[in-house]
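Peer 1: Provided below: query-v6.txt, containing compact mmCIF, C-alpha atoms.
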# COMPACT_ATOMS: atom_id res chain seq x y z
CA PHE M 1 -7.95 -28.58 -3.40
CA ALA M 2 -8.27 -32.31 -2.77
CA LEU M 3 -7.60 -33.14 -6.43
CA TYR M 4 -4.69 -30.71 -6.43
CA LEU M 5 -3.12 -32.44 -3.41
CA VAL M 6 -3.54 -35.85 -5.05
CA ALA M 7 -1.90 -34.57 -8.26
CA VAL M 8 0.99 -33.12 -6.26
CA LYS M 9 1.54 -36.39 -4.42
CA VAL M 10 1.52 -38.37 -7.69
CA ALA M 11 3.64 -36.07 -9.85
CA SER M 12 6.11 -34.32 -7.57
CA GLY M 13 8.53 -37.23 -7.32
CA PHE M 14 8.89 -37.80 -11.07
CA SER M 15 10.73 -36.16 -13.94
CA GLY M 16 10.54 -36.16 -17.71
CA VAL M 17 9.68 -33.97 -20.66
CA ARG M 18 6.27 -35.59 -21.15
CA LEU M 19 5.29 -34.91 -17.54
CA LEU M 20 6.46 -31.32 -17.83
CA VAL M 21 4.39 -30.83 -20.99
CA ILE M 22 1.28 -32.26 -19.31
CA ILE M 23 1.73 -30.03 -16.26
CA SER M 24 2.30 -26.97 -18.45
CA CYS M 25 -0.68 -27.63 -20.75
CA PHE M 26 -3.12 -28.05 -17.89
CA ALA M 27 -1.66 -25.02 -16.10
CA LEU M 28 -2.24 -22.93 -19.22
CA MET M 29 -5.77 -24.26 -19.60
CA PHE M 30 -6.64 -23.41 -15.98
CA ARG M 31 -5.44 -19.85 -16.50
CA LEU M 32 -7.19 -19.33 -19.82
CA VAL M 33 -10.48 -20.45 -18.27
CA MET M 34 -10.18 -17.82 -15.55
CA LEU M 35 -8.83 -15.02 -17.76
CA PRO M 36 -12.18 -13.66 -19.08
CA VAL M 37 -13.84 -13.86 -15.65
CA ARG M 38 -14.55 -10.49 -14.01
CA PRO M 39 -12.82 -10.33 -10.59
CA THR M 40 -15.09 -10.80 -7.58
CA ILE M 41 -12.79 -11.78 -4.71
CA SER M 42 -10.69 -8.62 -5.04
CA THR M 43 -11.11 -5.38 -6.97
CA ASP M 44 -7.46 -4.28 -6.80
CA ILE M 45 -7.06 -4.57 -10.56
CA TYR M 46 -9.47 -1.68 -11.10
CA ARG M 47 -7.09 0.49 -9.07
CA TYR M 48 -4.18 -0.69 -11.24
CA VAL M 49 -5.99 0.34 -14.42
CA TRP M 50 -7.08 3.63 -12.86
CA ASP M 51 -3.49 4.48 -11.95
CA GLY M 52 -2.44 3.64 -15.50
CA ARG M 53 -5.21 5.82 -16.94
CA VAL M 54 -4.18 8.75 -14.75
CA GLN M 55 -0.57 8.44 -15.87
CA ALA M 56 -1.60 8.16 -19.52
CA LYS M 57 -3.12 11.65 -19.14
CA GLY M 58 0.19 13.00 -17.87
CA ILE M 59 -0.82 13.16 -14.19
CA SER M 60 1.16 11.62 -11.35
CA PRO M 61 -0.81 8.74 -9.77
CA TYR M 62 0.49 9.90 -6.38
CA ALA M 63 -0.94 13.42 -6.74
CA TYR M 64 -4.66 12.78 -6.21
CA ALA M 65 -6.97 10.12 -4.79
CA PRO M 66 -9.46 8.63 -7.27
CA ASN M 67 -12.38 10.54 -5.75
CA SER M 68 -10.59 13.91 -6.09
CA PRO M 69 -12.53 16.45 -8.16
CA GLU M 70 -9.36 17.07 -10.19
CA LEU M 71 -9.76 13.58 -11.68
CA ALA M 72 -13.53 13.60 -12.14
CA HIS M 73 -13.15 13.84 -15.93
CA LEU M 74 -11.34 10.48 -15.99
CA ARG M 75 -14.11 8.49 -14.33
CA ASN M 76 -15.78 5.70 -16.31
CA ALA M 77 -18.06 2.74 -15.62
CA ASP M 78 -15.36 0.93 -13.64
CA TRP M 79 -14.60 3.87 -11.35
CA SER M 80 -17.18 2.73 -8.80
CA ARG M 81 -15.37 -0.62 -8.50
CA ILE M 82 -12.13 0.99 -7.31
CA ASN M 83 -11.53 0.24 -3.65
CA HIS M 84 -10.48 2.92 -1.15
CA ARG M 85 -11.20 5.72 -3.61
CA GLN M 86 -10.56 8.28 -0.88
CA HIS M 87 -6.91 7.23 -0.49
CA HIS M 88 -3.89 8.00 -2.64
CA THR M 89 -2.25 5.07 -4.40
CA THR M 90 0.33 3.04 -2.50
CA TYR M 91 1.80 1.07 -5.40
CA PRO M 92 5.57 1.54 -5.97
CA PRO M 93 7.16 2.94 -9.15
CA VAL M 94 7.77 -0.27 -11.11
CA SER M 95 4.15 -1.27 -10.51
CA GLN M 96 3.07 2.13 -11.78
CA LEU M 97 5.29 1.79 -14.84
CA THR M 98 3.62 -1.53 -15.62
CA PHE M 99 0.13 -0.07 -15.28
CA TRP M 100 1.03 2.87 -17.52
CA MET M 101 2.58 0.70 -20.22
CA VAL M 102 -0.37 -1.67 -20.40
CA VAL M 103 -2.91 1.17 -20.58
CA ARG M 104 -0.90 3.01 -23.21
CA LEU M 105 -0.43 -0.08 -25.38
CA PHE M 106 -3.71 -1.94 -24.93
CA GLY M 107 -6.28 0.45 -23.50
CA ASP M 108 -7.83 0.89 -20.07
CA SER M 109 -9.72 -2.38 -19.77
CA ILE M 110 -8.86 -4.84 -17.01
CA TYR M 111 -8.50 -7.75 -19.43
CA PRO M 112 -5.27 -6.72 -21.21
CA LEU M 113 -3.69 -6.22 -17.80
CA LYS M 114 -4.92 -9.63 -16.67
CA ALA M 115 -3.39 -11.14 -19.82
CA VAL M 116 -0.03 -9.48 -19.09
CA LEU M 117 -0.14 -10.81 -15.52
CA VAL M 118 -0.87 -14.32 -16.79
CA LEU M 119 2.13 -14.05 -19.14
CA CYS M 120 4.26 -13.13 -16.12
CA ASP M 121 2.79 -16.12 -14.30
CA LEU M 122 3.75 -18.43 -17.18
CA MET M 123 7.24 -16.92 -17.27
CA THR M 124 7.51 -17.64 -13.55
CA MET M 125 6.79 -21.30 -14.31
CA VAL M 126 9.55 -21.32 -16.95
CA VAL M 127 12.05 -19.89 -14.46
CA LEU M 128 10.97 -22.41 -11.82
CA ALA M 129 11.41 -25.26 -14.29
CA LEU M 130 14.93 -24.04 -15.09
CA MET M 131 15.77 -23.77 -11.39
CA LEU M 132 14.49 -27.27 -10.69
CA ARG M 133 16.59 -28.64 -13.54
CA HIS M 134 19.72 -26.83 -12.37
CA LEU M 135 19.22 -27.97 -8.77
CA GLN M 136 18.45 -31.54 -9.93
CA VAL M 137 15.03 -31.52 -8.32
CA PRO M 138 12.35 -33.68 -10.03
CA SER M 139 10.61 -31.57 -12.67
CA GLY M 140 7.23 -32.83 -11.48
CA THR M 141 7.68 -30.57 -8.45
CA LEU M 142 6.64 -27.71 -10.71
CA ILE M 143 3.06 -28.86 -10.21
CA LEU M 144 3.12 -27.30 -6.73
CA TYR M 145 3.06 -23.86 -8.35
CA ALA M 146 1.60 -24.55 -11.78
CA TRP M 147 -1.60 -26.20 -10.58
CA SER M 148 -2.02 -24.27 -7.35
CA PRO M 149 -5.67 -23.15 -7.10
CA LEU M 150 -4.50 -20.13 -5.12
CA MET M 151 -2.16 -18.95 -7.91
CA VAL M 152 -4.78 -19.53 -10.59
CA THR M 153 -7.54 -17.63 -8.80
CA GLU M 154 -5.36 -14.81 -7.47
CA ILE M 155 -3.52 -14.09 -10.73
CA SER M 156 -5.67 -15.18 -13.65
CA GLY M 157 -8.92 -14.69 -11.76
CA ALA M 158 -8.39 -11.65 -9.54
CA GLY M 159 -5.50 -10.12 -11.48
CA HIS M 160 -3.09 -9.45 -8.63
CA GLN M 161 0.13 -7.79 -9.70
CA ASN M 162 2.28 -9.55 -7.08
CA VAL M 163 3.18 -12.11 -9.74
CA ILE M 164 5.42 -9.56 -11.46
CA GLY M 165 7.49 -9.26 -8.29
CA ILE M 166 7.56 -13.05 -7.88
CA MET M 167 8.78 -13.48 -11.46
CA LEU M 168 11.54 -10.87 -11.04
CA LEU M 169 12.64 -12.31 -7.68
CA LEU M 170 12.89 -15.87 -9.00
CA LEU M 171 14.71 -14.69 -12.11
CA ALA M 172 17.16 -12.81 -9.88
CA LEU M 173 17.78 -15.95 -7.80
CA TYR M 174 18.22 -18.11 -10.90
CA LEU M 175 20.71 -15.69 -12.46
CA LEU M 176 22.56 -15.44 -9.16
CA ILE M 177 23.01 -19.22 -9.26
CA ARG M 178 24.03 -19.35 -12.92
CA CYS M 179 25.88 -16.02 -13.28
CA PRO M 180 27.07 -15.04 -9.78
CA GLN M 181 29.34 -12.26 -11.08
CA SER M 182 26.61 -10.52 -13.05
CA TRP M 183 24.98 -7.26 -11.98
CA LEU M 184 21.60 -8.40 -13.32
CA PRO M 185 20.42 -10.26 -10.17
CA GLY M 186 20.75 -7.10 -8.10
CA MET M 187 18.87 -5.04 -10.68
CA LEU M 188 16.07 -7.59 -10.88
CA LEU M 189 15.83 -7.82 -7.11
CA ALA M 190 15.56 -4.03 -6.89
CA ALA M 191 12.82 -4.05 -9.55
CA SER M 192 11.01 -6.79 -7.64
CA ILE M 193 11.07 -4.71 -4.45
CA LEU M 194 9.69 -1.75 -6.40
CA ILE M 195 6.71 -3.90 -7.36
CA LYS M 196 6.00 -4.87 -3.75
CA PRO M 197 8.52 -4.78 -0.86
CA TYR M 198 8.00 -8.44 0.05
CA PRO M 199 11.44 -9.55 -1.30
CA LEU M 200 13.31 -7.28 1.14
CA PRO M 201 14.21 -10.23 3.44
CA ALA M 202 16.08 -11.80 0.49
CA ILE M 203 18.68 -9.02 0.48
CA PRO M 204 20.77 -10.34 3.44
CA MET M 205 20.79 -13.82 1.92
CA LEU M 206 22.03 -12.52 -1.44
CA ALA M 207 24.56 -10.26 0.26
CA ARG M 208 25.99 -13.12 2.31
CA ARG M 209 26.34 -15.20 -0.85
CA ASN M 210 28.32 -12.40 -2.53
CA TRP M 211 30.47 -11.58 0.51
CA ALA M 212 31.44 -15.24 0.85
CA ARG M 213 33.18 -14.99 -2.54
CA LEU M 214 35.23 -11.93 -1.58
CA PRO M 215 38.94 -12.52 -0.81
Could you spell out this file's structure in structure tokens?
Peer 2:
Amino acid sequence: FALYLVAVKVASGFSGVRLLVIISCFALMFRLVMLPVRPTISTDIYRYVWDGRVQAKGISPYAYAPNSPELAHLRNADWSRINHRQHHTTYPPVSQLTFWMVVRLFGDSIYPLKAVLVLCDLMTMVVLALMLRHLQVPSGTLILYAWSPLMVTEISGAGHQNVIGIMLLLLALYLLIRCPQSWLPGMLLAASILIKPYPLPAIPMLARRNWARLP
């Protein structure tokens, strides 16, 4: 964390394509190093894959808890790593759609899902870079997110799906700035809420921005 804070202090006040490339290359390297690591801080990703596996068999993930006898035939070596196996899933529909798609396309290992989450993380950095440019904020400020040890360990290391909601929320805000008459920001915000409800407080802010333009 000390090195991260030093890097932030040095880079955040500067701009330039070369600086942006350096920040992006190191950010990618940090994430690739953590990608093959099996999660230890949190085991949530095993629940994500389990929910995707259940859906791939044509069963609603909301119907049974992982320890239900109705799902005993789906258990594999990772089943014991699922947390709160006695409880039904709490993840909203867009999260479940993501889990299902990844399992259907790439199999029921945690690593394809981690790779998809890292891609969402990188896309988040792209959107942030575009927002900084539009708002005329020094591009070096991107280092706050790109090199954050918390983001690297929680997304690339632990595989937390919150990054999908973050990406959709930031994309909604960026499109609202650039295309205020478009319906896309509202759709993306709704999708973000259906990943995790954290963006709900953003709704009044977006509504006020739209109402201010009404005659």
Peer 1: I'd like to know which of M:Val126, M:Ile193, M:Ile45, M:Ile23 is closest to M:Tyr111, using only C-alpha atoms.
Peer 2: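 Of the candidates, the smallest distance to M:Tyr111 is held by M:Ile45.
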Peer 1: Would you give the centre and edge lengths, in Å to one decimal, of a box along x, y and z around the listed atoms of stretch 106-122 of chain M, with 3 Å added to each side, as lines of an AutoDock Vina configuration file?
Peer 2:
center_x = -2.7
center_y = -8.8
center_z = -19.6
size_x = 20.0
size_y = 25.3
size_z = 16.6
Peer 1: Hey, which of M:Leu184, M:Val49, M:Leu175, M:Ile143 ends up closest to M:Gln161? Count only C-alpha atoms.
Peer 2: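 Of M:Leu184, M:Val49, M:Leu175, M:Ile143, the one nearest M:Gln161 is M:Val49, counting only C-alpha atoms.
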Peer 1: Work out how far atom CA of M:Ala146 is from atom CA of M:Ile110, in Å to one decimal.
Peer 2: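 Interatomic distance here is 22.9 Å.
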Peer 1: Fewer than 2 positions away in the same chain doesn't count, so skip those; otherwise give me all residues within 9 Å of stretch 101-104 of chain M, counting only C-alpha atoms, as JSON, numbers by chain.
Peer 2: {"M": [49, 52, 53, 55, 56, 96, 97, 98, 99, 106, 107, 108, 109, 112, 113, 116]}
Peer 1: Please indicate the distance in Å from atom CA of M:Trp147 to atom CA of M:Ile195, rounded to one decimal place.
Peer 2: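 Going from atom CA of M:Trp147 over to atom CA of M:Ile195, I get 24.0 Å.
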Peer 1: Excluding M:Gly159 and any residue of its chain fewer than 3 positions from it, enumerate the residues within 10 Å of it, using all atoms listed in the file, and give them as a list in words.
Peer 2: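 Near neighbours after the sequence-gap exclusion: Met34, Leu35, Arg38, Pro39, Ser42, Thr43, Asp44, Ile45, Tyr46, Tyr48, Ile110, Tyr111, Leu113, Lys114, Ala115, Val116, Leu117, Val118, Val152, Thr153, Glu154, Ile155, Ser156, Asn162 and Val163 of chain M.
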Peer 1: Here's a test: counting only C-alpha atoms, identify every protein, DNA and RNA residue with an atom at most 10 Å from (-14.0, 10.6, -6.6) in the file's coordinate frame, and state them as a list of chain:residue names.
Peer 2: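 Protein and nucleic acid residues near the point are M:Tyr64, M:Ala65, M:Pro66, M:Asn67, M:Ser68, M:Pro69, M:Glu70, M:Leu71, M:Ala72, M:His73, M:Leu74, M:Arg75, M:Trp79, M:Ser80, M:Ile82, M:Arg85, M:Gln86, M:His87.
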Peer 1: Determine, counting only C-alpha atoms, which protein, DNA and RNA residues have an atom within 12 Å of an atom of M:Leu19; residues of the same chain fewer than 3 positions away are not included. Present the result as a PyMOL selection string.
Peer 2: chain M and resi 7+10-16+22-26+129+138-143
Peer 1: I need the chosen residues saved as an mmCIF file, in the coordinates of the input, with C-alpha atoms.
Peer 2:
data_model
loop_
_atom_site.group_PDB
_atom_site.id
_atom_site.type_symbol
_atom_site.label_atom_id
_atom_site.label_comp_id
_atom_site.auth_asym_id
_atom_site.auth_seq_id
_atom_site.Cartn_x
_atom_site.Cartn_y
_atom_site.Cartn_z
ATOM 1 C CA ALA M 7 -1.900 -34.570 -8.260
ATOM 2 C CA VAL M 10 1.520 -38.370 -7.690
ATOM 3 C CA ALA M 11 3.640 -36.070 -9.850
ATOM 4 C CA SER M 12 6.110 -34.320 -7.570
ATOM 5 C CA GLY M 13 8.530 -37.230 -7.320
ATOM 6 C CA PHE M 14 8.890 -37.800 -11.070
ATOM 7 C CA SER M 15 10.730 -36.160 -13.940
ATOM 8 C CA GLY M 16 10.540 -36.160 -17.710
ATOM 9 C CA ILE M 22 1.280 -32.260 -19.310
ATOM 10 C CA ILE M 23 1.730 -30.030 -16.260
ATOM 11 C CA SER M 24 2.300 -26.970 -18.450
ATOM 12 C CA CYS M 25 -0.680 -27.630 -20.750
ATOM 13 C CA PHE M 26 -3.120 -28.050 -17.890
ATOM 14 C CA ALA M 129 11.410 -25.260 -14.290
ATOM 15 C CA PRO M 138 12.350 -33.680 -10.030
ATOM 16 C CA SER M 139 10.610 -31.570 -12.670
ATOM 17 C CA GLY M 140 7.230 -32.830 -11.480
ATOM 18 C CA THR M 141 7.680 -30.570 -8.450
ATOM 19 C CA LEU M 142 6.640 -27.710 -10.710
ATOM 20 C CA ILE M 143 3.060 -28.860 -10.210
#
Peer 1: Nearest to M:Ser95 among M:Ile41, M:Pro185, M:Asn83, M:Asp51, with distances taken over all atoms listed in the file: which residue is it?
Peer 2: M:Asp51
Peer 1: When you count all atoms listed in the file, which of these residues is closest to M:Leu28: M:Ala190, M:Leu132, M:Met151, M:Ala2?
Peer 2: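 When distances to M:Leu28 are compared using all atoms listed in the file, the smallest one comes from M:Met151.
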Peer 1: Which distance in Å separates atom CA of M:Tyr62 and atom CA of M:Ala191, to one decimal?
Peer 2: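 So the answer is 18.9 Å.
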Peer 1: Check the smallest atom-to-atom distance from each of M:Leu20, M:Leu150, M:Ile166, M:Leu130 to M:Leu194 using only C-alpha atoms, then report the winner.
Peer 2: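 Nearest candidate to M:Leu194 out of M:Leu20, M:Leu150, M:Ile166, M:Leu130: M:Ile166.
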Peer 1: With distances taken over all atoms listed in the file, which residue among M:Arg18, M:Lys57, M:Arg133, M:Arg47 lies nearest M:Asp78?
Peer 2: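 Selected residue with least distance to M:Asp78: M:Arg47.
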